[in-house]
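Participant: Submitted below is the structure of interest, expressed as structure tokens.
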Amino acid sequence: MAELLTKQAYTELAARLEFRTQAFIDGKFVAAASGNTFASTNPATGEVLAFIAACGEQDVNAAVSSAKVAFNDGRWQGLSPAARKSVLQRFAQLLENNAHELAVLESLDSGKPIRECQTVDVPETIHTLRWHAELIDKVYDATAPVGSGAMTMVVREPIGVVGLVLPWNFPLLMLAWKIGPSLAAGCSIVVKPAKETTLSTLRVAELAVQAGIPAGVFNVVPGGGKEAGEPLGRHPDVAMISFTGSTDTGRLFLKYSSESNLKRIVLECGGKNPAVVMNDVEDIDEVAQHVVNGAFWNMGENCSASSRLIVHSSIKDALLERIRAHLRHWQMGDPMDPENRLGAMISKEHFEKVRAYLDQATDEKLSALIGGKTEQDVFVQPTVFDSVTPQSRLFREEIFGPVLCVTTFETLEQALALANDTAYGLAASVYTGSLKKALKLSRGIRAGIVTVNCFGEGDATTPFGGYKESGFGGRDKSIWAHDQYTELKTIWIDAS
């Protein structure tokens, strides 16, 4: 996998990039039917990188039509599993060959630190695609025990044309989580990237066709949610939508489905995730390191971020001291500098939203033990607020920024109640030296992912998704993701 370059090397690479700016429909780049464009801006500098085709309903219709024709004539789904696997393996290799370019595109477009793009996002994108490619010819259909009078087969078939609606916080990785299983299953896809982050998706679509994915199978329609997302969600020829983003927008896709063709909807939405730290942890410094990574990785713009630290009162001060020490190594600044671990907020609008929570903390008379300030109207310092009660907006609402809220408890039962006191249920972390407590907490917390004595999201083999308002209809990643891009069919052959 590609190693980190110097800041100068990344800056020089960025200066040489040629951005893909048009929609990608039926294997080629095309302007939006309206001719309209929108600006793609570098969040860290405010520089306009490119003007991107602003797709609307006419473009969505064209993309879906292209995908439908491709699906119906079998140019992709009609290939043998081994043939599709071979193409996806070439696709993954092309991504690896262009890893530095993809990392720079991602950093420029999103404000993410190049360090994270190069060492996490791009490698995991490639690994995810390879994993799903390898799974294609290893998922077996079944027969049912119906007796000697009949032969019954239960088979999977690709669901059809799929709409993939992406968030702006992990553009490449969320793309991989969705295109891996959908393309492996034989679906044709229409991708609607977040308006803030389109550049890497357009480049990946181009590489997909170069790898041998037939024209019409992989389409991209950049644009706004109202203009492009809603027409995709309502389209009668779209069989499924897989969406990652806010809970409020996720609800809209359920509405679009109910008012159109009852297409399948899979949602991965928000989170307000607890990190529960018992007073019997074996290494408090290691716990602090995990909490810092969980809270501030990707500037807290992460639906699985550990945004609530629920810690036993007897060790709170010691833990916060170690958190402060670890944060000294988290430099904030130019995302193109691989020494920096914290970049810019995705947009001015989102920056103002996060800053409003800092103002809210002041109104609630909460003390910022660490951080609490902003810089250059784009950067937010990693911030830790103490004594946050369950009644606080900071405890209850998803901030989606580098803000950690600290709440104490005395008993395991109190810790469990605090962890579950949320409308969300995506992820949680538990830290304890007791196996019994680890089991009780991990089974008792109502969340789709619970890590014990670490922070993480599993890997490509494990499902990702949540309970309650964090998710609906399925999971990303793992073999379970393949199921949601397929239909089950029973074939009954009378042998009597």
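Convention: chains lettered A, B, ... in structure tokens order; per-chain residue numbering from 1; ligands numbered from 1 as shown.
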Output as a list in words all residues of range 82-231 of chain A that backbone DSSP marks as strand (DSSP E or B).

Facilitator: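 Listing strand (DSSP E or B) positions across range 82-231 of chain A yields Ala142, Thr143, Ala150, Met151, Thr152, Met153, Val154, Val155, Arg156, Glu157, Pro158, Val161, Val162, Gly163, Leu164, Val165, Ser188, Ile189, Val190, Val191, Lys192, Phe218, Asn219 and Val220 of chain A.
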
Participant: Could you list, with a cut-off of 7 Å and counting only C-alpha atoms, the residues of range 34-85 of chain A near range 135-152 of chain A, each shown with its nearest atom pair and the distance in Å rounded to one decimal, rows sorted by chain and ascending number, as CSV?

Facilitator:
```
residue,atom,partner,partner_atom,distance
A:Pro81,CA,A:Asp137,CA,5.3
A:Ala82,CA,A:Asp137,CA,6.2
A:Lys85,CA,A:Ile136,CA,6.3
```

Participant: Between CA of Arg475 in chain A and CA of Leu267 in chain A, measure the distance and give it in Å to one decimal.

Facilitator: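 So the answer is 8.1 Å.
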
Participant: Under the rule of at most 12 Å, produce a per-residue listing of range 434-490 of chain A near range 280-292 of chain A: chain, number, name, the closest pair of atoms, and the distance in Å, as JSON lines, using only C-alpha atoms.

Facilitator:
```
{"residue": "A:Ser434", "atom": "CA", "partner": "A:Asp280", "partner_atom": "CA", "distance": 7.2}
{"residue": "A:Leu435", "atom": "CA", "partner": "A:Asp280", "partner_atom": "CA", "distance": 10.9}
{"residue": "A:Lys436", "atom": "CA", "partner": "A:Asp280", "partner_atom": "CA", "distance": 11.9}
{"residue": "A:Lys437", "atom": "CA", "partner": "A:Asp280", "partner_atom": "CA", "distance": 9.9}
{"residue": "A:Ala438", "atom": "CA", "partner": "A:Val281", "partner_atom": "CA", "distance": 10.8}
{"residue": "A:Thr451", "atom": "CA", "partner": "A:His290", "partner_atom": "CA", "distance": 10.8}
{"residue": "A:Val452", "atom": "CA", "partner": "A:Val287", "partner_atom": "CA", "distance": 10.5}
{"residue": "A:Asn453", "atom": "CA", "partner": "A:Val287", "partner_atom": "CA", "distance": 7.1}
{"residue": "A:Cys454", "atom": "CA", "partner": "A:His290", "partner_atom": "CA", "distance": 5.9}
{"residue": "A:Phe455", "atom": "CA", "partner": "A:His290", "partner_atom": "CA", "distance": 5.6}
{"residue": "A:Gly456", "atom": "CA", "partner": "A:His290", "partner_atom": "CA", "distance": 8.9}
```

Participant: Given the selection you just returned, output its residues as a file containing N, CA, C and O atoms, formatted as a PDB file, in the first residue's frame.

Facilitator:
```pdb
ATOM      1  N   SER A 434     -12.857  -6.396  33.898  1.00  0.00           N
ATOM      2  CA  SER A 434     -13.682  -7.527  34.333  1.00  0.00           C
ATOM      3  C   SER A 434     -14.431  -8.116  33.140  1.00  0.00           C
ATOM      4  O   SER A 434     -15.188  -7.415  32.471  1.00  0.00           O
ATOM      5  N   LEU A 435     -14.233  -9.398  32.880  1.00  0.00           N
ATOM      6  CA  LEU A 435     -14.956 -10.063  31.802  1.00  0.00           C
ATOM      7  C   LEU A 435     -16.458 -10.038  32.058  1.00  0.00           C
ATOM      8  O   LEU A 435     -17.253  -9.837  31.142  1.00  0.00           O
ATOM      9  N   LYS A 436     -16.849 -10.233  33.318  1.00  0.00           N
ATOM     10  CA  LYS A 436     -18.267 -10.233  33.662  1.00  0.00           C
ATOM     11  C   LYS A 436     -18.909  -8.887  33.338  1.00  0.00           C
ATOM     12  O   LYS A 436     -19.994  -8.820  32.745  1.00  0.00           O
ATOM     13  N   LYS A 437     -18.229  -7.798  33.716  1.00  0.00           N
ATOM     14  CA  LYS A 437     -18.769  -6.471  33.425  1.00  0.00           C
ATOM     15  C   LYS A 437     -18.765  -6.191  31.918  1.00  0.00           C
ATOM     16  O   LYS A 437     -19.693  -5.571  31.386  1.00  0.00           O
ATOM     17  N   ALA A 438     -17.730  -6.647  31.245  1.00  0.00           N
ATOM     18  CA  ALA A 438     -17.656  -6.446  29.803  1.00  0.00           C
ATOM     19  C   ALA A 438     -18.844  -7.106  29.110  1.00  0.00           C
ATOM     20  O   ALA A 438     -19.464  -6.520  28.211  1.00  0.00           O
ATOM     21  N   THR A 451     -17.540  -2.224  21.077  1.00  0.00           N
ATOM     22  CA  THR A 451     -16.153  -2.670  21.193  1.00  0.00           C
ATOM     23  C   THR A 451     -15.762  -2.688  22.667  1.00  0.00           C
ATOM     24  O   THR A 451     -16.201  -1.841  23.443  1.00  0.00           O
ATOM     25  N   VAL A 452     -14.935  -3.643  23.041  1.00  0.00           N
ATOM     26  CA  VAL A 452     -14.506  -3.812  24.430  1.00  0.00           C
ATOM     27  C   VAL A 452     -13.006  -3.556  24.515  1.00  0.00           C
ATOM     28  O   VAL A 452     -12.215  -4.199  23.831  1.00  0.00           O
ATOM     29  N   ASN A 453     -12.651  -2.592  25.360  1.00  0.00           N
ATOM     30  CA  ASN A 453     -11.264  -2.194  25.587  1.00  0.00           C
ATOM     31  C   ASN A 453     -10.560  -1.731  24.306  1.00  0.00           C
ATOM     32  O   ASN A 453      -9.346  -1.921  24.142  1.00  0.00           O
ATOM     33  N   CYS A 454     -11.324  -1.128  23.412  1.00  0.00           N
ATOM     34  CA  CYS A 454     -10.769  -0.534  22.200  1.00  0.00           C
ATOM     35  C   CYS A 454     -11.861   0.307  21.551  1.00  0.00           C
ATOM     36  O   CYS A 454     -13.030   0.201  21.904  1.00  0.00           O
ATOM     37  N   PHE A 455     -11.452   1.130  20.589  1.00  0.00           N
ATOM     38  CA  PHE A 455     -12.415   1.841  19.747  1.00  0.00           C
ATOM     39  C   PHE A 455     -12.241   1.347  18.328  1.00  0.00           C
ATOM     40  O   PHE A 455     -11.124   1.197  17.832  1.00  0.00           O
ATOM     41  N   GLY A 456     -13.335   1.089  17.644  1.00  0.00           N
ATOM     42  CA  GLY A 456     -13.246   0.660  16.257  1.00  0.00           C
ATOM     43  C   GLY A 456     -14.611   0.347  15.694  1.00  0.00           C
ATOM     44  O   GLY A 456     -15.631   0.496  16.367  1.00  0.00           O
TER      45      GLY A 456
END
```

Participant: Skipping near chain neighbours, those fewer than 6 positions away, what residues fall within 12 Å of range 205-210 of chain A using only C-alpha atoms, listed as a count of residues only?

Facilitator: 46

Participant: So how many Å separate CA of Ala423 in chain A and CA of Glu268 in chain A, to one decimal?

Facilitator: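 CA of Glu268 in chain A lies at a distance of 14.1 Å from CA of Ala423 in chain A.
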